[in-house]
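Notes for the one structure printed next.
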Amino acid sequence: MGERETWTTEEFGSSHAGAVGVLLAEGTVPAPVFFGSNSGGGGQSVSQWHVYNGGYAYGPRAAALRAVCSCGWSGPEHKLDWDVIGDQELIEAAGETADTCTEDWDAHIIEVERSAIPVPETVTSLLTELGERIETLSKTSPLAAVRAARQLEVTAARVGYWPAHDARQDSTAEQAAAALGLNEDEARELMARLGRWSPYL
């Protein structure tokens, strides 16, 4: 996979990294485009959607854009009208289409949040209020806000220890990943960090 812009959320991270994907006319996903170095050695492989304009030294022409996610999900296809695009730069001509793909991925993330195990509203409200209070504190006393954030870290490490161990005993890796909205590797790493064991055991 070549380099391209991706989007993530703080909670789900690389388990749900979104991007604008490209489809060719036959419905296939194109290979990354290689850009050689001017110095003659090395180069870079790129999968950013707007390089697929079919021009000289670029990749094939994109027929459609769609949102894609590292979890394997993909959004609806949004066809590109090359009669309208003409000689325009694809990044400008199809910018709104790419924005629509971002919105499709946002809707996917909402579904991920809904499918994850729910956290009681009393807990989420307290966490939100605590975050807001620390942000307010930072305006008058940054060091006090840092100490409060550190105390929050300590509390998270303490209260997460036994739940991580209990969940490890009661859940399969697949169940834990689904409940947390993560892939299995990241779910295992999170539980290992909270439970203070090696993720490789």
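Here's how to read the names in the structure tokens: chain A, B, ... by the order shown, residue numbers from 1 in each chain, ligand numbers from 1 in the order shown.
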Q: Skip stretch 72-79 of chain A itself and residues of its chain fewer than 4 positions away, then list as a ChimeraX atom specification all residues within 12 Å of it, counting only C-alpha atoms.
A: /A:15-25,27-29,61-68,83-85,94-109,111-112,183
Q | Given only C-alpha atoms as the counted atoms, nearest of A:Gly36, A:Gly55, A:Thr6, A:Gly195 to A:Arg158 | A |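 Ranking A:Gly36, A:Gly55, A:Thr6, A:Gly195 by distance to A:Arg158, first place goes to A:Gly195.
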Q: Find the residue from A:Cys69, A:Val33, A:Leu143, A:Val46 that sits nearest to A:Arg4; use only C-alpha atoms when measuring.
A: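 Residue with the minimum atom-to-atom distance to A:Arg4: A:Val46.
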Q: May I ask for the distance between atom CA of A:Leu194 and atom CA of A:Ala164, given in Å to one decimal place?
A: 6.2 Å
Test item, strand (DSSP E) assignment across stretch 34-95 of chain A, answer as a PDB file with C-alpha atoms, in the first residue's frame:
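So the final result, stored in selection.pdb, reads:
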```pdb
ATOM      1  CA  PHE A  34       5.634   5.086  -8.005  1.00  0.00           C
ATOM      2  CA  PHE A  35       7.326   8.476  -8.164  1.00  0.00           C
ATOM      3  CA  GLY A  36      11.048   8.196  -8.820  1.00  0.00           C
ATOM      4  CA  GLY A  43      11.409   7.042  -4.875  1.00  0.00           C
ATOM      5  CA  GLN A  44       8.013   6.879  -3.261  1.00  0.00           C
ATOM      6  CA  SER A  45       4.880   4.763  -3.772  1.00  0.00           C
ATOM      7  CA  VAL A  46       1.697   6.797  -3.425  1.00  0.00           C
ATOM      8  CA  ALA A  64     -14.916   6.340  -8.951  1.00  0.00           C
ATOM      9  CA  LEU A  65     -13.989   7.284  -5.409  1.00  0.00           C
ATOM     10  CA  ARG A  66     -15.202   5.637  -2.241  1.00  0.00           C
ATOM     11  CA  ALA A  67     -14.370   5.730   1.444  1.00  0.00           C
ATOM     12  CA  VAL A  68     -12.325   2.785   2.723  1.00  0.00           C
ATOM     13  CA  CYS A  69     -11.335   1.721   6.226  1.00  0.00           C
ATOM     14  CA  HIS A  78     -19.084   7.933  -6.252  1.00  0.00           C
ATOM     15  CA  LYS A  79     -18.577   8.039 -10.015  1.00  0.00           C
TER      16      LYS A  79
END
```
Q. Between A:Leu180, A:Ile134, A:Gln151, A:Glu92, which has the minimum distance to A:Val119 (counting only C-alpha atoms)?
A.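 Going through A:Leu180, A:Ile134, A:Gln151, A:Glu92 one by one, the smallest distance to A:Val119 is for A:Leu180.
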**Q.** Interatomic distance, atom CA of A:His165 to atom CA of A:Leu201 (Å, one decimal)
**A.**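 Going from atom CA of A:His165 over to atom CA of A:Leu201, I get 13.3 Å.
Atom CA of A:Pro163 lies 29.3 Å from atom CA of A:Ala144.
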Q. Stretch 33-170 of chain A: which residues are alpha helix (DSSP H) by DSSP, as a ChimeraX atom specification?
A. /A:82-85,90-93,95-115,121-140,142-170
Q: Kindly indicate which residue among A:Trp49, A:Ala176, A:Ser14, A:Arg147 lies nearest to A:Ile117, using only C-alpha atoms for the distances.
A: A:Ala176
